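Participant: So here's model_11.pdb (PDB, C-alpha atoms, pLDDT in the B column).
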```
ATOM      1  CA  MET A 234     150.656  11.706 107.330  1.00 87.00           C
ATOM      2  CA  GLU A 235     148.552   8.955 108.910  1.00 90.00           C
ATOM      3  CA  LEU A 236     150.174   6.241 110.999  1.00 92.00           C
ATOM      4  CA  SER A 237     148.974   3.595 108.539  1.00 91.00           C
ATOM      5  CA  GLU A 238     150.761   5.401 105.687  1.00 95.00           C
ATOM      6  CA  ILE A 239     153.980   5.598 107.692  1.00 96.00           C
ATOM      7  CA  MET A 240     153.674   1.874 108.427  1.00 95.00           C
ATOM      8  CA  LEU A 241     153.208   1.132 104.739  1.00 96.00           C
ATOM      9  CA  ARG A 242     156.250   3.183 103.749  1.00 97.00           C
ATOM     10  CA  ILE A 243     158.361   1.499 106.408  1.00 97.00           C
ATOM     11  CA  LYS A 244     157.148  -1.892 105.188  1.00 97.00           C
ATOM     12  CA  GLU A 245     157.978  -1.043 101.572  1.00 97.00           C
ATOM     13  CA  LYS A 246     161.461   0.134 102.530  1.00 98.00           C
ATOM     14  CA  TYR A 247     162.479  -2.357 105.248  1.00 97.00           C
ATOM     15  CA  HIS A 248     160.265  -5.472 105.117  1.00 95.00           C
ATOM     16  CA  GLU A 249     162.665  -7.531 103.003  1.00 96.00           C
ATOM     17  CA  THR A 250     165.553  -6.835 105.386  1.00 97.00           C
ATOM     18  CA  ASP A 251     163.339  -7.332 108.444  1.00 97.00           C
ATOM     19  CA  SER A 252     162.099 -10.657 107.081  1.00 96.00           C
ATOM     20  CA  LYS A 253     165.674 -11.864 106.644  1.00 97.00           C
ATOM     21  CA  SER A 254     166.632 -10.597 110.114  1.00 97.00           C
ATOM     22  CA  GLY A 255     163.784 -12.369 111.876  1.00 97.00           C
ATOM     23  CA  ALA A 256     161.498 -11.524 114.762  1.00 98.00           C
ATOM     24  CA  LEU A 257     164.000 -12.218 117.541  1.00 98.00           C
ATOM     25  CA  PHE A 258     166.579  -9.904 115.980  1.00 98.00           C
ATOM     26  CA  LEU A 259     163.978  -7.148 115.610  1.00 98.00           C
ATOM     27  CA  LEU A 260     162.950  -7.649 119.219  1.00 98.00           C
ATOM     28  CA  ALA A 261     166.571  -7.494 120.370  1.00 98.00           C
ATOM     29  CA  VAL A 262     167.048  -4.200 118.519  1.00 98.00           C
ATOM     30  CA  PHE A 263     163.845  -2.874 120.097  1.00 98.00           C
ATOM     31  CA  PHE A 264     165.167  -3.805 123.561  1.00 98.00           C
ATOM     32  CA  GLU A 265     168.459  -2.077 122.779  1.00 98.00           C
ATOM     33  CA  GLU A 266     166.618   1.074 121.705  1.00 98.00           C
ATOM     34  CA  ALA A 267     164.379   0.903 124.786  1.00 98.00           C
ATOM     35  CA  GLY A 268     167.518   0.744 126.939  1.00 98.00           C
ATOM     36  CA  GLU A 269     168.902   3.805 125.200  1.00 98.00           C
ATOM     37  CA  LEU A 270     165.565   5.557 125.784  1.00 98.00           C
ATOM     38  CA  ALA A 271     165.682   4.632 129.467  1.00 98.00           C
ATOM     39  CA  GLU A 272     169.154   6.130 129.768  1.00 98.00           C
ATOM     40  CA  ALA A 273     168.074   9.334 128.016  1.00 98.00           C
ATOM     41  CA  VAL A 274     165.047   9.631 130.320  1.00 98.00           C
ATOM     42  CA  ARG A 275     167.211   8.960 133.379  1.00 98.00           C
ATOM     43  CA  LYS A 276     169.531  11.789 132.329  1.00 98.00           C
ATOM     44  CA  SER A 277     166.605  14.053 131.296  1.00 98.00           C
ATOM     45  CA  GLU A 278     168.238  14.605 127.897  1.00 98.00           C
ATOM     46  CA  VAL A 279     165.245  15.797 125.871  1.00 98.00           C
ATOM     47  CA  ASP A 280     166.972  15.668 122.471  1.00 98.00           C
ATOM     48  CA  SER A 281     168.104  12.102 123.140  1.00 98.00           C
ATOM     49  CA  VAL A 282     164.636  11.149 124.396  1.00 98.00           C
ATOM     50  CA  ARG A 283     163.195  12.478 121.126  1.00 98.00           C
ATOM     51  CA  GLU A 284     165.713  10.465 119.096  1.00 98.00           C
ATOM     52  CA  GLU A 285     165.240   7.243 121.063  1.00 98.00           C
ATOM     53  CA  LEU A 286     161.443   7.507 121.002  1.00 98.00           C
ATOM     54  CA  ALA A 287     161.640   7.644 117.210  1.00 98.00           C
ATOM     55  CA  ASP A 288     163.929   4.584 117.194  1.00 98.00           C
ATOM     56  CA  CYS A 289     161.592   2.654 119.518  1.00 98.00           C
ATOM     57  CA  LEU A 290     158.532   3.573 117.475  1.00 97.00           C
ATOM     58  CA  PHE A 291     160.293   2.498 114.289  1.00 97.00           C
ATOM     59  CA  MET A 292     161.133  -0.878 115.808  1.00 98.00           C
ATOM     60  CA  VAL A 293     157.557  -1.328 117.057  1.00 97.00           C
ATOM     61  CA  MET A 294     156.331  -0.585 113.535  1.00 97.00           C
ATOM     62  CA  SER A 295     158.855  -3.022 112.058  1.00 97.00           C
ATOM     63  CA  LEU A 296     157.674  -5.742 114.435  1.00 97.00           C
ATOM     64  CA  ALA A 297     154.041  -4.941 113.651  1.00 96.00           C
ATOM     65  CA  ASN A 298     154.763  -5.198 109.933  1.00 97.00           C
ATOM     66  CA  TYR A 299     156.664  -8.440 110.458  1.00 97.00           C
ATOM     67  CA  PHE A 300     153.663  -9.995 112.222  1.00 97.00           C
ATOM     68  CA  GLU A 301     151.134  -8.223 109.983  1.00 95.00           C
ATOM     69  CA  VAL A 302     149.540  -6.445 112.939  1.00 95.00           C
ATOM     70  CA  GLU A 303     147.341  -3.443 112.156  1.00 92.00           C
ATOM     71  CA  ILE A 304     148.787  -1.436 115.027  1.00 92.00           C
ATOM     72  CA  GLU A 305     146.728   1.683 114.303  1.00 91.00           C
ATOM     73  CA  GLU A 306     143.483  -0.298 114.687  1.00 90.00           C
ATOM     74  CA  LYS A 307     144.726  -1.937 117.882  1.00 90.00           C
ATOM     75  CA  LEU A 308     145.762   1.403 119.393  1.00 91.00           C
ATOM     76  CA  ILE A 309     142.337   2.866 118.696  1.00 92.00           C
ATOM     77  CA  GLU A 310     140.571  -0.201 120.058  1.00 92.00           C
ATOM     78  CA  LYS A 311     142.673  -0.521 123.190  1.00 90.00           C
ATOM     79  CA  TYR A 312     143.436   3.086 124.162  1.00 89.00           C
ATOM     80  CA  LEU A 313     140.795   5.320 122.583  1.00 90.00           C
ATOM     81  CA  LYS A 314     137.689   3.157 122.723  1.00 91.00           C
ATOM     82  CA  ASP A 315     138.729   1.631 126.058  1.00 89.00           C
ATOM     83  CA  ASP A 316     140.751   3.069 128.948  1.00 86.00           C
ATOM     84  CA  PRO A 317     143.189   0.555 130.415  1.00 84.00           C
ATOM     85  CA  SER A 318     144.644   3.233 132.712  1.00 81.00           C
ATOM     86  CA  SER A 319     141.729   2.621 135.070  1.00 79.00           C
ATOM     87  CA  ARG A 320     143.309  -0.782 135.785  1.00 81.00           C
ATOM     88  CA  TRP A 321     146.844   0.516 136.349  1.00 82.00           C
ATOM     89  CA  ASP A 322     148.238   0.231 139.842  1.00 83.00           C
ATOM     90  CA  LEU A 323     149.314   3.851 140.279  1.00 79.00           C
ATOM     91  CA  PRO A 324     150.649   5.279 143.531  1.00 80.00           C
ATOM     92  CA  SER A 325     148.209   7.443 145.475  1.00 71.00           C
TER      93      SER A 325
END
```
Would you mind writing the file's structure down as structure tokens?

Facilitator:
Amino acid sequence: MELSEIMLRIKEKYHETDSKSGALFLLAVFFEEAGELAEAVRKSEVDSVREELADCLFMVMSLANYFEVEIEEKLIEKYLKDDPSSRWDLPS
């Protein structure tokens, strides 16, 4: 299944609720899920990392749908056609 199809299905199922919840609520839930992901990574709990990554991705998709962002296009543009990692300040 393509990312755009997953986004569409999520929008069909959750957009009404997300619209009522509002952007700041969705962002707060994303931050909560990101915190849970951080804890799972810190503990090296692979099953929990898998679960929390799915939760974070879902919230990113919900936010993208809320703001009508074509996230698949932006990912391709920013990370496949370009390479921002060349500008990252990585340790030597």

Participant: For Leu290 in chain A, find every residue with an atom within 12 Å (counting all atoms listed in the file), except residues of its own chain fewer than 2 positions away, and show them as an MDAnalysis selection string.

Facilitator: chainID A and resid 236 239:240 243 262:264 266:267 270 282:288 292:297 304

Participant: Please compute the CA of Ser281 in chain A-CA of Phe258 in chain A distance, one decimal, in Å.

Facilitator: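 Computed distance, CA of Ser281 in chain A to CA of Phe258 in chain A, equals 23.2 Å.
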
Participant: Figure out the distance between CA of Glu249 in chain A and CA of Tyr299 in chain A, please, to one decimal in Å.

Facilitator: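 Result for CA of Tyr299 in chain A versus CA of Glu249 in chain A: 9.6 Å, one decimal.
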
Participant: Could you tell me how far CA of Ser237 in chain A lies from CA of Glu305 in chain A, in Å and to one decimal?

Facilitator: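 Calculated distance between CA of Ser237 in chain A and CA of Glu305 in chain A is 6.5 Å.
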
Participant: How big is the axis-aligned box, and where does its centre sit, when it encloses all atoms of range 265-268 of chain A listed in the file and has 3 Å added on every side, reported in Å to one decimal as JSON?

Facilitator:
```
{"center_x": 166.4, "center_y": -0.5, "center_z": 124.3, "size_x": 10.1, "size_y": 9.2, "size_z": 11.2}
```

Participant: Restricting the calculation to only C-alpha atoms: of A:Glu272, A:Ser318, A:Cys289, A:Glu301, which residue gets closest to Ala256 in chain A?

Facilitator: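 Using only C-alpha atoms, the shortest distance to Ala256 in chain A belongs to A:Glu301.
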